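Pasted below: my_file-v5.txt, compact mmCIF, C-alpha atoms.
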```txt
# COMPACT_ATOMS: atom_id res chain seq x y z
CA MET A 7 -19.29 -17.74 11.63
CA SER A 8 -16.01 -17.08 9.85
CA ALA A 9 -15.15 -13.46 9.16
CA ILE A 10 -13.69 -14.44 5.77
CA THR A 11 -14.45 -17.57 3.75
CA VAL A 12 -12.71 -18.15 0.43
CA SER A 13 -13.88 -21.09 -1.69
CA GLY A 14 -12.19 -22.13 -4.92
CA LEU A 15 -11.33 -18.54 -5.78
CA THR A 16 -9.80 -18.33 -9.25
CA LYS A 17 -8.67 -15.36 -11.31
CA ASP A 18 -7.44 -16.12 -14.80
CA TYR A 19 -6.03 -13.22 -16.82
CA GLY A 20 -5.35 -15.47 -19.80
CA GLU A 21 -1.57 -15.46 -19.77
CA VAL A 22 -1.45 -15.41 -15.97
CA LEU A 23 -3.43 -17.54 -13.53
CA ALA A 24 -3.20 -15.17 -10.57
CA ASN A 25 -5.35 -17.22 -8.18
CA ASP A 26 -5.87 -20.93 -8.75
CA ASP A 27 -8.65 -22.56 -6.70
CA VAL A 28 -7.71 -20.64 -3.54
CA SER A 29 -9.57 -21.74 -0.41
CA PHE A 30 -9.16 -20.76 3.24
CA SER A 31 -11.13 -19.21 6.08
CA VAL A 32 -10.39 -16.64 8.76
CA ALA A 33 -12.15 -16.94 12.10
CA GLU A 34 -13.76 -14.01 13.84
CA GLY A 35 -11.23 -12.31 16.12
CA GLU A 36 -8.26 -13.92 14.39
CA VAL A 37 -5.14 -12.21 13.04
CA PHE A 38 -4.33 -13.99 9.76
CA GLY A 39 -1.15 -13.44 7.77
CA TYR A 40 -1.12 -13.96 4.00
CA LEU A 41 2.39 -14.65 2.73
CA GLY A 42 4.00 -15.13 -0.65
CA PRO A 43 6.70 -13.85 -2.98
CA ASN A 44 6.25 -11.21 -5.64
CA GLY A 45 3.56 -12.21 -8.11
CA ALA A 46 2.24 -15.05 -5.95
CA GLY A 47 -1.33 -13.72 -6.04
CA LYS A 48 -1.71 -12.03 -2.64
CA THR A 49 -2.93 -8.66 -3.92
CA THR A 50 -5.24 -10.35 -6.45
CA THR A 51 -6.92 -12.19 -3.59
CA ILE A 52 -7.32 -8.98 -1.59
CA ARG A 53 -8.66 -6.95 -4.51
CA THR A 54 -11.12 -9.73 -5.30
CA LEU A 55 -12.31 -9.84 -1.69
CA MET A 56 -12.89 -6.09 -1.78
CA GLY A 57 -14.89 -6.34 -5.01
CA PHE A 58 -12.43 -4.39 -7.16
CA ILE A 59 -12.03 -7.29 -9.58
CA GLU A 60 -14.38 -10.19 -10.37
CA PRO A 61 -13.28 -13.79 -9.87
CA THR A 62 -13.17 -16.07 -12.88
CA ALA A 63 -14.53 -18.86 -10.70
CA GLY A 64 -15.24 -19.57 -7.07
CA THR A 65 -16.42 -17.14 -4.47
CA ALA A 66 -15.80 -15.65 -1.06
CA SER A 67 -17.75 -14.04 1.75
CA LEU A 68 -16.90 -11.20 4.12
CA LEU A 69 -18.77 -11.14 7.43
CA GLY A 70 -21.30 -13.51 5.90
CA HIS A 71 -21.91 -11.41 2.76
CA ASP A 72 -21.23 -12.89 -0.69
CA ILE A 73 -18.68 -10.76 -2.57
CA ARG A 74 -20.48 -11.52 -5.86
CA ASP A 75 -23.58 -9.72 -4.57
CA GLU A 76 -22.84 -6.00 -4.99
CA ALA A 77 -25.51 -4.85 -2.56
CA ALA A 78 -24.42 -7.38 0.06
CA LEU A 79 -20.78 -6.40 -0.32
CA ILE A 80 -21.60 -2.70 0.09
CA GLU A 81 -23.45 -3.59 3.30
CA ALA A 82 -20.47 -5.60 4.54
CA LYS A 83 -18.05 -2.75 3.82
CA LYS A 84 -19.74 -0.60 6.46
CA ARG A 85 -18.05 -2.90 8.98
CA ILE A 86 -14.74 -3.32 7.12
CA GLY A 87 -11.54 -1.29 7.16
CA TYR A 88 -9.20 -1.45 4.16
CA LEU A 89 -5.62 -0.40 3.58
CA PRO A 90 -4.22 -1.00 0.07
CA ALA A 91 -0.52 -1.50 -0.60
CA ASN A 92 -0.22 2.00 -2.06
CA PRO A 93 -2.94 4.30 -0.69
CA GLY A 94 -4.11 6.56 -3.50
CA PHE A 95 -4.82 9.71 -1.53
CA ASP A 96 -5.44 13.03 -3.29
CA GLU A 97 -1.99 14.60 -3.07
CA SER A 98 -3.37 18.15 -3.13
CA ALA A 99 -5.42 17.52 0.03
CA THR A 100 -4.16 17.71 3.59
CA GLY A 101 -4.23 14.69 5.85
CA ARG A 102 -7.03 16.31 7.84
CA GLU A 103 -9.12 16.78 4.70
CA ILE A 104 -8.58 13.15 3.73
CA LEU A 105 -9.79 11.95 7.13
CA ASP A 106 -12.74 14.36 7.05
CA LEU A 107 -13.80 12.87 3.70
CA HIS A 108 -13.58 9.30 5.00
CA ALA A 109 -15.42 10.31 8.18
CA SER A 110 -18.31 11.71 6.12
CA ILE A 111 -18.67 8.31 4.45
CA LYS A 112 -18.09 5.80 7.24
CA GLY A 113 -17.70 7.64 10.55
CA ASP A 114 -14.68 8.35 12.74
CA SER A 115 -15.46 7.36 16.33
CA ARG A 116 -11.84 6.31 16.92
CA ARG A 117 -10.06 9.08 15.02
CA ASP A 118 -8.59 10.89 18.03
CA GLU A 119 -7.38 7.65 19.64
CA LEU A 120 -5.66 6.54 16.43
CA LEU A 121 -4.05 9.93 15.82
CA GLN A 122 -2.44 9.63 19.25
CA ILE A 123 -0.94 6.29 18.20
CA PHE A 124 0.16 6.93 14.61
CA ASP A 125 0.41 10.76 14.50
CA PRO A 126 0.49 11.62 10.76
CA PRO A 127 1.10 15.35 9.99
CA LEU A 128 -2.51 16.32 9.37
CA ASP A 129 -1.99 19.91 8.25
CA ARG A 130 0.47 19.12 5.47
CA THR A 131 -0.61 18.13 1.97
CA VAL A 132 -0.22 14.50 1.03
CA ARG A 133 2.30 15.40 -1.69
CA GLU A 134 4.62 16.45 1.15
CA TYR A 135 4.22 13.13 2.95
CA SER A 136 6.92 10.50 3.16
CA THR A 137 5.93 6.91 2.41
CA GLY A 138 5.78 6.26 6.14
CA ASN A 139 3.46 9.21 6.77
CA LYS A 140 1.12 8.06 3.99
CA GLN A 141 1.04 4.66 5.63
CA LYS A 142 0.25 6.15 9.03
CA LEU A 143 -2.59 8.17 7.53
CA GLY A 144 -3.84 5.01 5.85
CA LEU A 145 -3.83 3.11 9.13
CA VAL A 146 -5.89 5.82 10.81
CA GLN A 147 -8.52 5.80 8.04
CA ALA A 148 -8.66 1.98 8.04
CA PHE A 149 -9.51 1.71 11.75
CA MET A 150 -11.16 5.03 12.62
CA HIS A 151 -14.77 3.83 12.12
CA ASP A 152 -14.18 0.90 14.51
CA PRO A 153 -14.60 -1.91 11.94
CA ASP A 154 -15.19 -5.57 12.79
CA LEU A 155 -12.82 -6.71 10.02
CA VAL A 156 -9.72 -4.98 8.66
CA ILE A 157 -7.98 -6.07 5.44
CA MET A 158 -4.48 -4.68 4.85
CA ASP A 159 -1.95 -5.15 2.07
CA GLU A 160 1.61 -4.65 3.41
CA PRO A 161 0.52 -2.45 6.33
CA THR A 162 4.00 -1.64 7.71
CA SER A 163 5.58 -0.69 4.39
CA GLY A 164 7.61 2.48 4.89
CA LEU A 165 7.19 2.59 8.68
CA ASP A 166 10.31 3.05 10.80
CA PRO A 167 11.17 0.30 13.34
CA LEU A 168 9.65 2.19 16.27
CA MET A 169 6.37 2.71 14.43
CA GLN A 170 6.39 -0.95 13.30
CA GLN A 171 6.63 -1.97 16.94
CA ARG A 172 3.78 0.39 17.81
CA PHE A 173 1.71 -1.12 15.01
CA ASN A 174 2.37 -4.65 16.29
CA GLU A 175 1.29 -3.66 19.79
CA PHE A 176 -1.83 -2.02 18.37
CA ILE A 177 -2.78 -5.15 16.39
CA ARG A 178 -2.38 -7.32 19.49
CA GLN A 179 -4.71 -4.97 21.37
CA GLU A 180 -7.23 -5.06 18.51
CA LYS A 181 -7.25 -8.84 18.67
CA GLU A 182 -8.07 -8.68 22.39
CA THR A 183 -11.16 -6.60 21.61
CA GLY A 184 -12.31 -9.09 18.95
CA THR A 185 -11.34 -7.30 15.73
CA THR A 186 -10.51 -9.63 12.85
CA VAL A 187 -7.35 -8.70 10.94
CA PHE A 188 -6.26 -10.05 7.55
CA LEU A 189 -2.89 -8.78 6.38
CA SER A 190 -0.46 -9.61 3.64
CA SER A 191 3.19 -9.15 4.43
CA HIS A 192 6.72 -10.10 3.48
CA VAL A 193 8.02 -8.97 6.89
CA LEU A 194 8.05 -12.45 8.37
CA SER A 195 9.24 -11.42 11.81
CA GLU A 196 6.17 -9.16 11.98
CA VAL A 197 3.87 -12.03 11.07
CA ARG A 198 5.46 -14.15 13.75
CA ARG A 199 4.77 -11.48 16.38
CA VAL A 200 1.14 -10.72 15.60
CA CYS A 201 -0.51 -13.53 13.62
CA ASP A 202 -2.41 -16.55 14.89
CA ARG A 203 -2.28 -18.39 11.57
CA VAL A 204 -0.70 -17.91 8.17
CA GLY A 205 -1.62 -18.87 4.64
CA ILE A 206 1.26 -19.23 2.19
CA ILE A 207 0.51 -18.75 -1.50
CA ARG A 208 2.80 -19.58 -4.41
CA GLU A 209 2.09 -19.09 -8.11
CA GLY A 210 -1.58 -18.56 -7.30
CA GLU A 211 -1.98 -21.73 -5.22
CA ILE A 212 -2.24 -22.13 -1.46
CA VAL A 213 0.78 -24.08 -0.18
CA THR A 214 -0.27 -24.34 3.45
CA VAL A 215 -2.56 -22.82 6.05
CA GLU A 216 -1.54 -23.41 9.66
CA THR A 217 -0.73 -21.76 12.95
CA VAL A 218 2.57 -19.93 13.20
CA SER A 219 3.58 -22.17 16.11
CA ASP A 220 2.84 -25.36 14.14
CA LEU A 221 4.76 -24.02 11.17
CA LEU A 222 7.78 -23.30 13.35
CA ASP A 223 7.56 -26.63 15.20
CA ARG A 224 7.40 -28.54 11.93
CA SER A 225 10.33 -26.58 10.60
CA GLY A 226 12.55 -27.32 13.59
CA LYS A 227 15.18 -25.38 15.50
CA PHE A 228 18.14 -23.37 14.29
CA VAL A 229 21.35 -24.61 15.93
CA ARG A 230 24.70 -22.85 16.08
CA LEU A 231 27.43 -24.96 17.70
CA ARG A 232 31.15 -24.37 18.22
CA VAL A 233 33.31 -27.22 19.47
CA ALA A 234 37.01 -27.69 20.22
CA SER A 235 37.43 -30.30 17.51
CA ASP A 236 38.28 -30.45 13.84
CA LEU A 237 34.97 -31.69 12.43
CA GLN A 238 33.94 -32.50 8.88
CA THR A 239 30.45 -32.71 7.45
CA ALA A 240 30.65 -36.51 7.43
CA ASP A 241 31.15 -36.51 11.20
CA VAL A 242 27.64 -35.19 11.77
CA THR A 243 25.49 -38.31 11.56
CA LEU A 244 22.64 -36.99 13.69
CA ASP A 245 19.20 -37.65 12.23
CA GLY A 246 17.09 -34.55 11.58
CA VAL A 247 19.94 -32.26 10.51
CA HIS A 248 19.22 -30.04 7.49
CA ASP A 249 21.16 -27.31 5.70
CA LEU A 250 24.35 -28.24 7.54
CA SER A 251 27.34 -25.92 7.34
CA VAL A 252 30.69 -26.82 8.96
CA ARG A 253 33.69 -24.53 8.96
CA ALA A 254 37.01 -24.38 10.74
CA VAL A 255 37.56 -21.43 13.05
CA ASP A 256 41.27 -20.71 13.47
CA GLY A 257 42.59 -19.13 16.64
CA VAL A 258 39.29 -17.58 17.68
CA PHE A 259 39.07 -19.37 20.99
CA ALA A 260 42.73 -19.36 21.99
CA GLU A 261 42.07 -17.35 25.16
CA ALA A 262 38.70 -18.84 26.08
CA PRO A 263 38.56 -21.37 28.97
CA MET A 264 37.08 -24.79 28.23
CA ALA A 265 34.42 -26.34 30.41
CA ASN A 266 36.84 -29.04 31.62
CA GLY A 267 39.53 -26.50 32.52
CA GLY A 268 41.85 -27.51 29.69
CA SER A 269 43.42 -25.31 27.06
CA VAL A 270 41.55 -24.46 23.92
CA PRO A 271 43.06 -25.59 20.63
CA GLU A 272 43.78 -22.92 18.06
CA THR A 273 41.50 -24.73 15.61
CA ALA A 274 37.85 -25.31 16.40
CA SER A 275 34.75 -25.98 14.31
CA GLU A 276 31.54 -24.06 13.91
CA LEU A 277 28.41 -25.89 12.84
CA THR A 278 25.11 -24.32 11.83
CA PHE A 279 22.04 -26.31 10.84
CA THR A 280 18.29 -26.65 11.10
CA TYR A 281 17.29 -29.49 13.38
CA THR A 282 13.96 -31.33 13.19
CA GLY A 283 14.89 -34.34 15.30
CA ASP A 284 14.54 -35.17 18.99
CA LEU A 285 16.21 -32.63 21.28
CA ASN A 286 17.47 -35.40 23.58
CA SER A 287 19.41 -36.85 20.65
CA LEU A 288 20.89 -33.41 20.01
CA VAL A 289 22.00 -33.23 23.65
CA ASP A 290 23.63 -36.67 23.36
CA PHE A 291 25.46 -35.61 20.20
CA VAL A 292 26.71 -32.38 21.71
CA GLY A 293 27.80 -34.23 24.86
CA GLY A 294 30.45 -36.05 22.86
CA TYR A 295 32.46 -32.86 22.31
CA ASP A 296 34.06 -30.04 24.27
CA VAL A 297 31.48 -27.33 23.62
CA LEU A 298 32.67 -23.77 23.30
CA GLU A 299 29.34 -22.21 22.35
CA LEU A 300 25.81 -23.47 21.72
CA ASP A 301 22.70 -21.56 20.61
CA VAL A 302 19.38 -23.28 19.95
CA GLU A 303 16.58 -21.06 18.67
CA GLU A 304 13.35 -21.33 16.75
CA ALA A 305 14.11 -21.43 13.06
CA PRO A 306 13.91 -17.91 11.61
CA LEU A 307 10.57 -17.58 9.85
CA GLU A 308 12.45 -16.39 6.77
CA GLN A 309 14.16 -19.79 6.66
CA VAL A 310 10.86 -21.56 7.25
CA PHE A 311 9.35 -19.62 4.35
CA MET A 312 12.19 -20.56 2.02
CA ARG A 313 11.48 -24.24 2.65
CA PHE A 314 8.35 -23.78 0.57
CA TYR A 315 10.07 -21.99 -2.28
CA GLY A 316 13.73 -22.97 -2.54
CA ASP A 317 16.83 -20.82 -2.48
CA ASP A 318 16.21 -19.25 -5.89
CA THR A 319 12.98 -17.50 -4.91
CA GLU A 320 12.99 -13.85 -3.89
CA VAL A 321 11.03 -13.34 -0.69
CA VAL A 322 9.33 -10.00 -1.24
CA ALA A 323 5.84 -8.61 -1.34
```
Here is a file; write its structure as structure tokens.
Amino acid sequence: MSAITVSGLTKDYGEVLANDDVSFSVAEGEVFGYLGPNGAGKTTTIRTLMGFIEPTAGTASLLGHDIRDEAALIEAKKRIGYLPANPGFDESATGREILDLHASIKGDSRRDELLQIFDPPLDRTVREYSTGNKQKLGLVQAFMHDPDLVIMDEPTSGLDPLMQQRFNEFIRQEKETGTTVFLSSHVLSEVRRVCDRVGIIREGEIVTVETVSDLLDRSGKFVRLRVASDLQTADVTLDGVHDLSVRAVDGVFAEAPMANGGSVPETASELTFTYTGDLNSLVDFVGGYDVLELDVEEAPLEQVFMRFYGDDTEVVA
């Protein structure tokens, strides 16, 4: 059984079609990333799943419970953790009081364990919290009742890099124990580290749903090449080259030894491009030049994401 099934989900506000026939599923024990630019419809999907807004058409189920059935959804929520994009905690309450309230409703069997990991300042009032501390408190409340499914909207917003790394490690551990995680994010490097699959949404419509590895493989490699030659764009006839940039580099390599023992010219060329062709062909192409530097990496997920949207789209939450 899928932990989440979304079928033809549509939310029409009249002037804005926030979700347009959205369909996807999330398997039990999977970490699923939901990506899209500002206004794409990510939060609408999440709020509909949680029953905060009603769909115009279509439906979805959480842990086998139909979200249109209020009683069934309430039953499902006993096994679900939720972290909204901006947790609306009572700012006059302390963090401890907030957790005590949530514990009285849903339990807190993992509270102590989670406090060791995220460590929000429990005895300060929420109005004194930084954005990062609010997020840490939200993460504790989302997981402290040991849910089977956790739905999070921008879970690392406001966290410092060290805490982001701790969060990523925590999510990987949760996956090993079978917890299903659905998270929206614009931090694409984070998605790459923790997610099994991603769904990309644009203007309310699903663009693609696939594994992170398949998405990266289809999007090719990022190549940075410096050669001891004066190259022009027209000289690069290799099939599978995209987003090619060629620039002259003057005098940079004057003191660097060449592979053949010769002297390095004062003018060299730097090429950067995304490559989707055969790697053997790339090796043959590079072999025709005196190579000063060569880096071949997976295409940055940010660049992969932009392939779906174009250069004029802002990649944000």
Thr137 of chain A: which residues within 9 Å, counting all atoms listed in the file, same-chain residues fewer than 4 positions away excluded, as a ChimeraX atom specification? /A:141-142,163-165
All residues 12 Å or closer to Ser110 of chain A, only C-alpha atoms, same chain fewer than 5 positions away omitted, as an mmCIF file with C-alpha atoms, keeping the file's coordinate frame:
```cif
data_model
loop_
_atom_site.group_PDB
_atom_site.id
_atom_site.type_symbol
_atom_site.label_atom_id
_atom_site.label_comp_id
_atom_site.auth_asym_id
_atom_site.auth_seq_id
_atom_site.Cartn_x
_atom_site.Cartn_y
_atom_site.Cartn_z
ATOM 1 C CA GLU A 103 -9.120 16.780 4.700
ATOM 2 C CA ILE A 104 -8.580 13.150 3.730
ATOM 3 C CA LEU A 105 -9.790 11.950 7.130
ATOM 4 C CA SER A 115 -15.460 7.360 16.330
ATOM 5 C CA GLN A 147 -8.520 5.800 8.040
ATOM 6 C CA MET A 150 -11.160 5.030 12.620
ATOM 7 C CA HIS A 151 -14.770 3.830 12.120
#
```
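Atom CA of Thr131 of chain A sits 6.3 Å away from atom CA of Glu97 of chain A.
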Between A:Leu194, A:Ile111, A:Leu277, A:Ala33, single out the one closest to Ser8 of chain A, counting only C-alpha atoms.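 The closest residue to Ser8 of chain A is A:Ala33.
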Judged by only C-alpha atoms, the minimum distance to Asp245 of chain A among A:Gly283, A:Pro161, A:Gly57, A:Gly113 is found for A:Gly283
So how many Å separate atom CA of Ala77 of chain A and atom CA of Ala148 of chain A, to one decimal?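 A separation of 21.0 Å between them.
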Could you name the residues that touch Leu288 of chain A at 10 Å or less, counting all atoms listed in the file, but leaving out those on the same chain fewer than 6 positions away, as a list in words? Val229, Leu244, Asp245, Gly246, Val247, Tyr281 and Thr282 of chain A
Take the residues that were just selected and, keeping C-alpha atoms, output them as a PDB file, in the frame of the given file.
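This is the output file result.pdb:
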```pdb
ATOM      1  CA  VAL A 229      21.350 -24.610  15.930  1.00  0.00           C
ATOM      2  CA  LEU A 244      22.640 -36.990  13.690  1.00  0.00           C
ATOM      3  CA  ASP A 245      19.200 -37.650  12.230  1.00  0.00           C
ATOM      4  CA  GLY A 246      17.090 -34.550  11.580  1.00  0.00           C
ATOM      5  CA  VAL A 247      19.940 -32.260  10.510  1.00  0.00           C
ATOM      6  CA  TYR A 281      17.290 -29.490  13.380  1.00  0.00           C
ATOM      7  CA  THR A 282      13.960 -31.330  13.190  1.00  0.00           C
TER       8      THR A 282
END
```
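Distances from A:Asn174, A:Val297, A:Asp159, A:Ala305 to Asp220 of chain A were compared using all atoms listed in the file, and the smallest one belongs to A:Ala305.
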Could you check how far atom CA of Ser136 of chain A sits from atom CA of Asn44 of chain A, in Å to one decimal?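 Spanning atom CA of Ser136 of chain A to atom CA of Asn44 of chain A is a straight-line distance of 23.4 Å.
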Residue nearest Gly144 of chain A - candidates A:Pro167, A:Pro93, A:Gly14, A:Gly101, atoms counted: only C-alpha atoms: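 Nearest candidate to Gly144 of chain A out of A:Pro167, A:Pro93, A:Gly14, A:Gly101: A:Pro93.
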List every protein, DNA or RNA residue with an atom no more than 9 Å from (26.0, -18.1, 20.4) in the file's coordinates, counting only C-alpha atoms, and format the result as a PyMOL selection string. chain A and resi 230-232+299-302
Can you pull out every residue within 8 Å of segment 198-208 of chain A, counting all atoms listed in the file, but drop anything in the same chain fewer than 2 positions away, and send it as an MDAnalysis selection string? chainID A and resid 30 36:43 46:48 174 177:178 194:196 210:218 307 315
